[in-house]
Amino acid sequence: MRFKIGYFIRQAFHGIFRNSIMSTASILVLVLCMLVVGSFWTLNENIDANMSEIDGLNLIVIYLEDDADVLAIHEKLENIPGDAEITYFSKEENLQKLKDKYAENGMDYLLNIFDDTNNPLPASFELSFDDVSKSSTIKYHLGQIDGISDIKDQLEISESVEEIKSAVTVICTWLLVILAIVSFFVIIITIKLTIASRSKEIILMKNIGATNTFITTPFIIEGIFIGVISAGIALALQYYLYHYVMVNMLSSYDIITVIPFSNFLSLFIVLFLGIGLFAGIIASSISIRKYLHS
Amino acid sequence: MIQFKDVTMTYKNGTTALKNVNLTISDGEFVFIVGHSGAGKTTLTKLLMREERIKSGSLIVNDFKLEKLPQRKVPYLRRTMGVVFQDFRLFDNMTVYENVAFAMQVIGEKKKVIRERVHYFLEIVNLRDKYNCMPGELSGGEQQRVAFARAMVNNPQIIIADEPTGNIDPEMSLEIMDLLVRINKLDKTVIVVTHEKNLVDYFKKRVITIDNGIVVSDKIGGGYNAF
């Protein structure tokens with residue numbers, strides 16, 4: 001048997017065009033699956049990015065009494081579980097920060113009456129926590145420290161945001177997994193139908209004396225073509241869809257950060273080609289096996 | 001040469017389709033295989049093509065020992081025979097030429113050789129003028145002749161025709177049988193499975209009669225009256 005790659009490629013193309021309805025159906029299903037997977041992926045990444053923007057919520061500001069022992073408090077703060085990042089601001093620094101803030105709106109003259117001699121602002125510590133899930137424990141420890149006049153925090157809000165973020169990540173991950181599995185079975189069924197519609201051709205090839213490799217190869221190449229074509233179409237549609245929905249519609253809201261599509265491009269090329277080739281090759285091989293052993 | 005020695009074949013559901021069949025068909029012979037529906041005729045052709053495996057005994061076809069033949073060598077066995085079916089089994093979306101050429105393409109033959117041989121065999125079956133027609137544009141007899149051209153194009157040693165006249169007019173049946181006789185004269189072994197009493201009686205060839213999986217009669221020049 002002479003194996004001619006040119007013949008196999010021609011046969012694969014003929015197969016696609018001869019069975020144009022089933023080929024189109026396979027491509028549509030694949031494109032749809034890739035778009036669904038791609039859309040959920042981008043959605044998940046964007047939600048994650050926007051949630052990270054709100055990470056500033058896990059900040060606690062502790063105001064000190066004028067006669068407080070700064071070094072002792074700093075030591076106690078360091079002993080609080082949670083590996084906080086601790087920054088100290090003296091009374092002078094806090095006054096300067098406030099003046100700078102007012103200066104942004106051209107109102108710094110209102111604070112010119114204050115200097116080091118009559119500074120009303122207290123010294124402070126800023127504590128930034130990565131893990132805000134233990135907010136009640138942190139607050140309990142802070143309550144045990146002497147010399148603190150006031151505590152400002154948004155730990156409850158931060159905790160809620162963290163919970164939402166985790167839930168969104170879990171839901172999106174599961175949706176991706178479920179969709180990937182469902183997509184794979186839909187593709188197998190579609191390719192099985194394609195091959196079933198050509199069972200007469202396969203059986204006749206066997207009767208004539210074609211080897212299994214000779215029969216299988218064009219179908220595998222056909223699966224590769226269908227996978228690559230689907231990946232190309234899906235990539236173009238995903239780009240258009242992302243631009244239309246995420247960039248054009250959502251970027252007008254200042255509070256929403258939209259990740260540029262270029263950040264996903266290489267990932268999607270690999271992901272879509274992977275899905276297309278995997279589905280095309282595996283589904284073709286599984287589907288045709290039944291006829292080869294008949 | 002085809003040689004059945006004590007061949008028994010039982011399907012998975014327990015039905016025994018052939019029992020202790022002993023037969024020898026020499027190269028260049030013309031044989032009719034006759035019998036009622038379900039007698040075992042189709043099973044016999046399936047065994048020849050190794051579509052089914054024998055349960056016991058031994059079967060040799062063109063020097064291939066079928067009971068020991070590995071699956072990967074089955075295609076090479078099948079290339080030594082051409083099969084024609086009652087329902088023609090042509091591709092509706094291929095022309096007459098493409099249908100015949102297909103048989104050569106699947107065994108990896110060169111384009112030039114394919115072109116020469118396809119036209120030669122379309123000439124033999126008197127269809128050279130219709131090489132560009134689609135099967136739907138042909139009569140039943142013409143479609144069966146295309147099937148014969150496809151069966152012969154790879155120059156097999158054996159032609160198996162399973163009810164070749166079952167789907168065509170009586171007048172055309174004679175023409176098809178005449179074609180089979182001409183093929184036989186090219187030193188090909190021809191095996192015809194049929195129900196057509198008139199044709200079997202008319203051609204006076206070797207007739208093997210199967211009934212209930214058993215060869216009940218094997219006569220040269222016999223008729224369709226053995227059972």
# chains A, B, ... in the order shown; residues from 1 in each chain; ligands from 1
>>> residues_around(residues="range 106-120 of chain A", least_positions_apart="3", cutoff="9 Å", atoms="only C-alpha atoms", output="JSON, numbers by chain")
{"A": [91, 92, 95, 98, 99, 100, 101, 102, 103]}
>>> write_last_selection(atoms="N, CA, C and O atoms", output="compact mmCIF listing (two decimals), in the first residue's frame")
# COMPACT_ATOMS: atom_id res chain seq x y z
N LYS A 91 2.11 62.22 63.78
CA LYS A 91 1.13 63.32 63.74
C LYS A 91 1.45 64.27 62.59
O LYS A 91 0.56 64.70 61.85
N GLU A 92 2.77 64.56 62.42
CA GLU A 92 3.20 65.51 61.37
C GLU A 92 2.91 64.95 59.98
O GLU A 92 2.44 65.67 59.09
N LEU A 95 -0.75 65.22 59.19
CA LEU A 95 -1.15 66.59 58.86
C LEU A 95 -0.73 66.91 57.42
O LEU A 95 -1.50 67.47 56.65
N LEU A 98 -3.01 65.23 54.96
CA LEU A 98 -4.30 65.93 54.85
C LEU A 98 -4.16 67.20 54.02
O LEU A 98 -5.03 67.51 53.18
N LYS A 99 -3.02 67.92 54.26
CA LYS A 99 -2.79 69.14 53.49
C LYS A 99 -2.64 68.82 51.99
O LYS A 99 -3.16 69.53 51.13
N ASP A 100 -1.93 67.74 51.71
CA ASP A 100 -1.75 67.33 50.31
C ASP A 100 -3.09 67.00 49.65
O ASP A 100 -3.34 67.32 48.49
N LYS A 101 -3.95 66.36 50.43
CA LYS A 101 -5.26 65.96 49.91
C LYS A 101 -6.11 67.21 49.60
O LYS A 101 -6.75 67.29 48.56
N TYR A 102 -6.05 68.18 50.50
CA TYR A 102 -6.80 69.43 50.29
C TYR A 102 -6.22 70.21 49.12
O TYR A 102 -6.94 70.87 48.38
N ALA A 103 -4.89 70.11 48.99
CA ALA A 103 -4.21 70.86 47.92
C ALA A 103 -4.67 70.39 46.54
O ALA A 103 -4.70 71.17 45.59
>>> interface_residues(of="chain A", to="chain B", cutoff="12 Å", atoms="only C-alpha atoms", output="ChimeraX atom specification")
/A:1-8,10-11,14-15,17-19,198-218,292-294
>>> atom_distance(atom1="CA of Asn20 in chain B", atom2="CA of Val61 in chain B")
17.1 Å
>>> residues_around(residues="Asn126 in chain B", least_positions_apart="3", cutoff="10 Å", atoms="only C-alpha atoms", output="list in words")
Tyr120, Phe121, Leu122, Glu123, Asp129, Lys130, Glu142, Arg145, Val146 and Ala149 of chain B
>>> write_last_selection(atoms="C-alpha atoms", output="PDB file, in the first residue's frame")
ATOM      1  CA  TYR B 120     -10.930  -0.635 -20.191  1.00  0.00           C
ATOM      2  CA  PHE B 121     -13.458  -2.209 -17.815  1.00  0.00           C
ATOM      3  CA  LEU B 122     -16.187   0.301 -18.672  1.00  0.00           C
ATOM      4  CA  GLU B 123     -15.639  -0.835 -22.275  1.00  0.00           C
ATOM      5  CA  ASP B 129     -20.209   6.375 -23.143  1.00  0.00           C
ATOM      6  CA  LYS B 130     -21.773   6.782 -19.724  1.00  0.00           C
ATOM      7  CA  GLU B 142     -26.591  -0.474 -16.093  1.00  0.00           C
ATOM      8  CA  ARG B 145     -22.777  -3.397 -14.775  1.00  0.00           C
ATOM      9  CA  VAL B 146     -20.986  -0.488 -13.098  1.00  0.00           C
ATOM     10  CA  ALA B 149     -16.693  -3.080 -13.532  1.00  0.00           C
TER      11      ALA B 149
END
>>> select_by_dssp(residues="range 31-203 of chain B", states="helix (DSSP H, G or I)", output="mmCIF file with N, CA and C atoms, in the first residue's frame")
data_model
loop_
_atom_site.group_PDB
_atom_site.id
_atom_site.type_symbol
_atom_site.label_atom_id
_atom_site.label_comp_id
_atom_site.auth_asym_id
_atom_site.auth_seq_id
_atom_site.Cartn_x
_atom_site.Cartn_y
_atom_site.Cartn_z
ATOM 1 N N LYS B 41 -26.574 -19.413 2.495
ATOM 2 C CA LYS B 41 -25.832 -18.932 1.313
ATOM 3 C C LYS B 41 -25.020 -17.668 1.636
ATOM 4 N N THR B 42 -25.690 -16.714 2.270
ATOM 5 C CA THR B 42 -25.011 -15.449 2.583
ATOM 6 C C THR B 42 -23.881 -15.665 3.583
ATOM 7 N N THR B 43 -24.115 -16.564 4.553
ATOM 8 C CA THR B 43 -23.054 -16.873 5.525
ATOM 9 C C THR B 43 -21.829 -17.416 4.805
ATOM 10 N N LEU B 44 -22.087 -18.243 3.799
ATOM 11 C CA LEU B 44 -20.979 -18.828 3.041
ATOM 12 C C LEU B 44 -20.137 -17.735 2.365
ATOM 13 N N THR B 45 -20.810 -16.731 1.765
ATOM 14 C CA THR B 45 -20.052 -15.646 1.116
ATOM 15 C C THR B 45 -19.349 -14.771 2.163
ATOM 16 N N LYS B 46 -20.002 -14.613 3.329
ATOM 17 C CA LYS B 46 -19.368 -13.816 4.402
ATOM 18 C C LYS B 46 -18.102 -14.499 4.905
ATOM 19 N N LEU B 47 -18.126 -15.827 4.941
ATOM 20 C CA LEU B 47 -16.930 -16.570 5.372
ATOM 21 C C LEU B 47 -15.812 -16.395 4.358
ATOM 22 N N LEU B 48 -16.177 -16.428 3.063
ATOM 23 C CA LEU B 48 -15.162 -16.270 2.014
ATOM 24 C C LEU B 48 -14.454 -14.926 2.137
ATOM 25 N N GLN B 71 -6.185 -10.229 11.501
ATOM 26 C CA GLN B 71 -7.089 -9.174 11.031
ATOM 27 C C GLN B 71 -6.397 -8.210 10.050
ATOM 28 N N ARG B 72 -5.114 -7.921 10.330
ATOM 29 C CA ARG B 72 -4.418 -6.944 9.477
ATOM 30 C C ARG B 72 -4.204 -7.459 8.050
ATOM 31 N N LYS B 73 -4.318 -8.786 7.852
ATOM 32 C CA LYS B 73 -4.103 -9.330 6.504
ATOM 33 C C LYS B 73 -5.406 -9.518 5.725
ATOM 34 N N VAL B 74 -6.542 -9.268 6.421
ATOM 35 C CA VAL B 74 -7.846 -9.450 5.765
ATOM 36 C C VAL B 74 -7.980 -8.567 4.507
ATOM 37 N N PRO B 75 -7.536 -7.283 4.542
ATOM 38 C CA PRO B 75 -7.660 -6.473 3.324
ATOM 39 C C PRO B 75 -6.965 -7.106 2.118
ATOM 40 N N TYR B 76 -5.840 -7.780 2.361
ATOM 41 C CA TYR B 76 -5.094 -8.383 1.245
ATOM 42 C C TYR B 76 -5.830 -9.604 0.681
ATOM 43 N N LEU B 77 -6.561 -10.320 1.560
ATOM 44 C CA LEU B 77 -7.424 -11.407 1.088
ATOM 45 C C LEU B 77 -8.523 -10.836 0.195
ATOM 46 N N ARG B 78 -9.138 -9.753 0.677
ATOM 47 C CA ARG B 78 -10.281 -9.188 -0.047
ATOM 48 C C ARG B 78 -9.891 -8.614 -1.406
ATOM 49 N N VAL B 96 -20.056 7.456 -12.740
ATOM 50 C CA VAL B 96 -19.741 6.060 -13.060
ATOM 51 C C VAL B 96 -18.229 5.847 -12.987
ATOM 52 N N TYR B 97 -17.480 6.763 -13.613
ATOM 53 C CA TYR B 97 -16.015 6.657 -13.614
ATOM 54 C C TYR B 97 -15.485 6.653 -12.180
ATOM 55 N N GLU B 98 -15.963 7.611 -11.365
ATOM 56 C CA GLU B 98 -15.453 7.738 -9.986
ATOM 57 C C GLU B 98 -15.782 6.503 -9.150
ATOM 58 N N ASN B 99 -16.976 5.934 -9.386
ATOM 59 C CA ASN B 99 -17.361 4.730 -8.645
ATOM 60 C C ASN B 99 -16.396 3.579 -8.915
ATOM 61 N N VAL B 100 -16.027 3.420 -10.188
ATOM 62 C CA VAL B 100 -15.134 2.315 -10.545
ATOM 63 C C VAL B 100 -13.707 2.628 -10.072
ATOM 64 N N ALA B 101 -13.306 3.883 -10.265
ATOM 65 C CA ALA B 101 -11.946 4.292 -9.879
ATOM 66 C C ALA B 101 -11.738 4.173 -8.369
ATOM 67 N N PHE B 102 -12.823 4.354 -7.627
ATOM 68 C CA PHE B 102 -12.736 4.313 -6.158
ATOM 69 C C PHE B 102 -12.082 3.019 -5.666
ATOM 70 N N ALA B 103 -12.433 1.908 -6.326
ATOM 71 C CA ALA B 103 -11.891 0.605 -5.913
ATOM 72 C C ALA B 103 -10.375 0.556 -6.064
ATOM 73 N N MET B 104 -9.852 1.285 -7.057
ATOM 74 C CA MET B 104 -8.399 1.294 -7.258
ATOM 75 C C MET B 104 -7.729 2.318 -6.334
ATOM 76 N N GLN B 105 -8.441 3.406 -6.083
ATOM 77 C CA GLN B 105 -7.874 4.432 -5.190
ATOM 78 C C GLN B 105 -7.634 3.876 -3.790
ATOM 79 N N LYS B 111 -2.686 7.255 -10.572
ATOM 80 C CA LYS B 111 -3.754 7.887 -11.350
ATOM 81 C C LYS B 111 -3.807 7.395 -12.798
ATOM 82 N N LYS B 112 -2.617 7.302 -13.396
ATOM 83 C CA LYS B 112 -2.529 6.924 -14.813
ATOM 84 C C LYS B 112 -3.063 5.498 -15.000
ATOM 85 N N VAL B 113 -2.652 4.614 -14.104
ATOM 86 C CA VAL B 113 -3.108 3.213 -14.174
ATOM 87 C C VAL B 113 -4.616 3.156 -13.968
ATOM 88 N N ILE B 114 -5.088 3.951 -13.013
ATOM 89 C CA ILE B 114 -6.535 3.973 -12.729
ATOM 90 C C ILE B 114 -7.304 4.370 -13.985
ATOM 91 N N ARG B 115 -6.834 5.453 -14.650
ATOM 92 C CA ARG B 115 -7.542 5.965 -15.828
ATOM 93 C C ARG B 115 -7.633 4.882 -16.913
ATOM 94 N N GLU B 116 -6.490 4.230 -17.161
ATOM 95 C CA GLU B 116 -6.461 3.212 -18.229
ATOM 96 C C GLU B 116 -7.380 2.040 -17.911
ATOM 97 N N ARG B 117 -7.272 1.536 -16.671
ATOM 98 C CA ARG B 117 -8.036 0.328 -16.332
ATOM 99 C C ARG B 117 -9.537 0.615 -16.212
ATOM 100 N N VAL B 118 -9.890 1.769 -15.683
ATOM 101 C CA VAL B 118 -11.315 2.086 -15.532
ATOM 102 C C VAL B 118 -11.976 2.144 -16.909
ATOM 103 N N HIS B 119 -11.315 2.827 -17.853
ATOM 104 C CA HIS B 119 -11.894 2.926 -19.199
ATOM 105 C C HIS B 119 -11.968 1.545 -19.863
ATOM 106 N N TYR B 120 -10.942 0.711 -19.613
ATOM 107 C CA TYR B 120 -10.930 -0.635 -20.191
ATOM 108 C C TYR B 120 -12.127 -1.450 -19.683
ATOM 109 N N PHE B 121 -12.370 -1.393 -18.360
ATOM 110 C CA PHE B 121 -13.458 -2.209 -17.815
ATOM 111 C C PHE B 121 -14.841 -1.612 -18.106
ATOM 112 N N LEU B 122 -14.902 -0.293 -18.263
ATOM 113 C CA LEU B 122 -16.187 0.301 -18.672
ATOM 114 C C LEU B 122 -16.507 -0.128 -20.108
ATOM 115 N N GLU B 123 -15.477 -0.325 -20.908
ATOM 116 C CA GLU B 123 -15.639 -0.835 -22.275
ATOM 117 C C GLU B 123 -16.195 -2.264 -22.228
ATOM 118 N N ILE B 124 -15.613 -3.078 -21.344
ATOM 119 C CA ILE B 124 -16.042 -4.479 -21.235
ATOM 120 C C ILE B 124 -17.515 -4.576 -20.846
ATOM 121 N N ARG B 128 -18.867 2.667 -21.666
ATOM 122 C CA ARG B 128 -17.831 3.688 -21.871
ATOM 123 C C ARG B 128 -18.448 5.072 -22.110
ATOM 124 N N ASP B 129 -19.578 5.087 -22.819
ATOM 125 C CA ASP B 129 -20.209 6.375 -23.143
ATOM 126 C C ASP B 129 -20.834 7.034 -21.909
ATOM 127 N N LYS B 130 -21.048 6.228 -20.868
ATOM 128 C CA LYS B 130 -21.773 6.782 -19.724
ATOM 129 C C LYS B 130 -20.853 7.013 -18.519
ATOM 130 N N PRO B 135 -25.126 7.564 -10.997
ATOM 131 C CA PRO B 135 -25.873 6.303 -10.925
ATOM 132 C C PRO B 135 -27.383 6.484 -11.079
ATOM 133 N N GLY B 136 -27.900 7.580 -10.549
ATOM 134 C CA GLY B 136 -29.346 7.835 -10.635
ATOM 135 C C GLY B 136 -29.841 7.978 -12.063
ATOM 136 N N GLU B 137 -28.937 8.269 -13.003
ATOM 137 C CA GLU B 137 -29.334 8.452 -14.409
ATOM 138 C C GLU B 137 -29.300 7.127 -15.175
ATOM 139 N N GLY B 140 -31.397 -0.074 -13.769
ATOM 140 C CA GLY B 140 -30.903 -1.053 -12.793
ATOM 141 C C GLY B 140 -29.810 -1.929 -13.381
ATOM 142 N N GLY B 141 -30.026 -2.374 -14.624
ATOM 143 C CA GLY B 141 -29.046 -3.250 -15.289
ATOM 144 C C GLY B 141 -27.719 -2.528 -15.485
ATOM 145 N N GLU B 142 -27.823 -1.243 -15.876
ATOM 146 C CA GLU B 142 -26.591 -0.474 -16.093
ATOM 147 C C GLU B 142 -25.845 -0.257 -14.775
ATOM 148 N N GLN B 143 -26.611 -0.004 -13.716
ATOM 149 C CA GLN B 143 -25.970 0.189 -12.402
ATOM 150 C C GLN B 143 -25.247 -1.090 -11.969
ATOM 151 N N GLN B 144 -25.889 -2.234 -12.268
ATOM 152 C CA GLN B 144 -25.237 -3.487 -11.878
ATOM 153 C C GLN B 144 -23.972 -3.715 -12.705
ATOM 154 N N ARG B 145 -23.979 -3.244 -13.950
ATOM 155 C CA ARG B 145 -22.777 -3.397 -14.775
ATOM 156 C C ARG B 145 -21.640 -2.513 -14.249
ATOM 157 N N VAL B 146 -22.008 -1.349 -13.733
ATOM 158 C CA VAL B 146 -20.986 -0.488 -13.098
ATOM 159 C C VAL B 146 -20.392 -1.238 -11.908
ATOM 160 N N ALA B 147 -21.270 -1.885 -11.119
ATOM 161 C CA ALA B 147 -20.804 -2.642 -9.950
ATOM 162 C C ALA B 147 -19.856 -3.759 -10.385
ATOM 163 N N PHE B 148 -20.158 -4.393 -11.529
ATOM 164 C CA PHE B 148 -19.263 -5.448 -12.041
ATOM 165 C C PHE B 148 -17.912 -4.868 -12.461
ATOM 166 N N ALA B 149 -17.957 -3.715 -13.122
ATOM 167 C CA ALA B 149 -16.693 -3.080 -13.532
ATOM 168 C C ALA B 149 -15.855 -2.773 -12.294
ATOM 169 N N ARG B 150 -16.510 -2.283 -11.240
ATOM 170 C CA ARG B 150 -15.787 -1.966 -10.004
ATOM 171 C C ARG B 150 -15.215 -3.235 -9.354
ATOM 172 N N ALA B 151 -16.000 -4.325 -9.417
ATOM 173 C CA ALA B 151 -15.537 -5.582 -8.818
ATOM 174 C C ALA B 151 -14.326 -6.148 -9.556
ATOM 175 N N MET B 152 -14.268 -5.870 -10.884
ATOM 176 C CA MET B 152 -13.205 -6.497 -11.686
ATOM 177 C C MET B 152 -11.966 -5.634 -11.853
ATOM 178 N N PRO B 170 -36.154 -8.992 -15.837
ATOM 179 C CA PRO B 170 -35.774 -10.327 -16.324
ATOM 180 C C PRO B 170 -34.918 -10.276 -17.591
ATOM 181 N N GLU B 171 -35.234 -9.312 -18.511
ATOM 182 C CA GLU B 171 -34.456 -9.232 -19.761
ATOM 183 C C GLU B 171 -32.998 -8.852 -19.449
ATOM 184 N N MET B 172 -32.867 -7.918 -18.496
ATOM 185 C CA MET B 172 -31.536 -7.458 -18.103
ATOM 186 C C MET B 172 -30.774 -8.565 -17.368
ATOM 187 N N SER B 173 -31.524 -9.438 -16.683
ATOM 188 C CA SER B 173 -30.891 -10.509 -15.899
ATOM 189 C C SER B 173 -30.039 -11.388 -16.801
ATOM 190 N N LEU B 174 -30.591 -11.682 -17.966
ATOM 191 C CA LEU B 174 -29.877 -12.541 -18.906
ATOM 192 C C LEU B 174 -28.577 -11.865 -19.365
ATOM 193 N N GLU B 175 -28.688 -10.570 -19.579
ATOM 194 C CA GLU B 175 -27.522 -9.800 -20.019
ATOM 195 C C GLU B 175 -26.434 -9.822 -18.937
ATOM 196 N N ILE B 176 -26.874 -9.666 -17.671
ATOM 197 C CA ILE B 176 -25.922 -9.679 -16.545
ATOM 198 C C ILE B 176 -25.264 -11.052 -16.435
ATOM 199 N N MET B 177 -26.082 -12.104 -16.584
ATOM 200 C CA MET B 177 -25.519 -13.448 -16.490
ATOM 201 C C MET B 177 -24.544 -13.700 -17.639
ATOM 202 N N ASP B 178 -24.884 -13.159 -18.800
ATOM 203 C CA ASP B 178 -24.004 -13.281 -19.949
ATOM 204 C C ASP B 178 -22.662 -12.604 -19.662
ATOM 205 N N LEU B 179 -22.749 -11.464 -18.982
ATOM 206 C CA LEU B 179 -21.534 -10.748 -18.600
ATOM 207 C C LEU B 179 -20.684 -11.605 -17.648
ATOM 208 N N LEU B 180 -21.371 -12.278 -16.706
ATOM 209 C CA LEU B 180 -20.652 -13.148 -15.763
ATOM 210 C C LEU B 180 -19.952 -14.294 -16.496
ATOM 211 N N VAL B 181 -20.600 -14.811 -17.489
ATOM 212 C CA VAL B 181 -19.985 -15.897 -18.272
ATOM 213 C C VAL B 181 -18.745 -15.372 -18.989
ATOM 214 N N ARG B 182 -18.859 -14.147 -19.528
ATOM 215 C CA ARG B 182 -17.695 -13.551 -20.216
ATOM 216 C C ARG B 182 -16.549 -13.317 -19.231
ATOM 217 N N ILE B 183 -16.912 -12.891 -18.030
ATOM 218 C CA ILE B 183 -15.877 -12.693 -16.983
ATOM 219 C C ILE B 183 -15.204 -14.028 -16.673
ATOM 220 N N ASN B 184 -16.007 -15.087 -16.587
ATOM 221 C CA ASN B 184 -15.497 -16.429 -16.302
ATOM 222 C C ASN B 184 -14.503 -16.876 -17.385
ATOM 223 N N LYS B 185 -14.772 -16.434 -18.598
ATOM 224 C CA LYS B 185 -13.886 -16.812 -19.708
ATOM 225 C C LYS B 185 -12.534 -16.105 -19.616
ATOM 226 N N LYS B 197 -34.338 -19.499 -10.604
ATOM 227 C CA LYS B 197 -34.375 -20.874 -11.113
ATOM 228 C C LYS B 197 -34.088 -20.933 -12.618
ATOM 229 N N ASN B 198 -34.755 -20.021 -13.367
ATOM 230 C CA ASN B 198 -34.627 -20.049 -14.828
ATOM 231 C C ASN B 198 -33.189 -19.871 -15.279
ATOM 232 N N LEU B 199 -32.506 -18.926 -14.616
ATOM 233 C CA LEU B 199 -31.122 -18.641 -15.006
ATOM 234 C C LEU B 199 -30.214 -19.819 -14.683
ATOM 235 N N VAL B 200 -30.417 -20.399 -13.507
ATOM 236 C CA VAL B 200 -29.584 -21.545 -13.102
ATOM 237 C C VAL B 200 -29.776 -22.695 -14.084
ATOM 238 N N ASP B 201 -31.033 -22.947 -14.410
ATOM 239 C CA ASP B 201 -31.337 -24.043 -15.345
ATOM 240 C C ASP B 201 -30.774 -23.753 -16.741
ATOM 241 N N TYR B 202 -30.848 -22.490 -17.165
ATOM 242 C CA TYR B 202 -30.447 -22.108 -18.512
ATOM 243 C C TYR B 202 -28.940 -22.264 -18.751
ATOM 244 N N PHE B 203 -28.142 -21.867 -17.753
ATOM 245 C CA PHE B 203 -26.684 -21.827 -17.985
ATOM 246 C C PHE B 203 -25.968 -23.160 -17.753
#
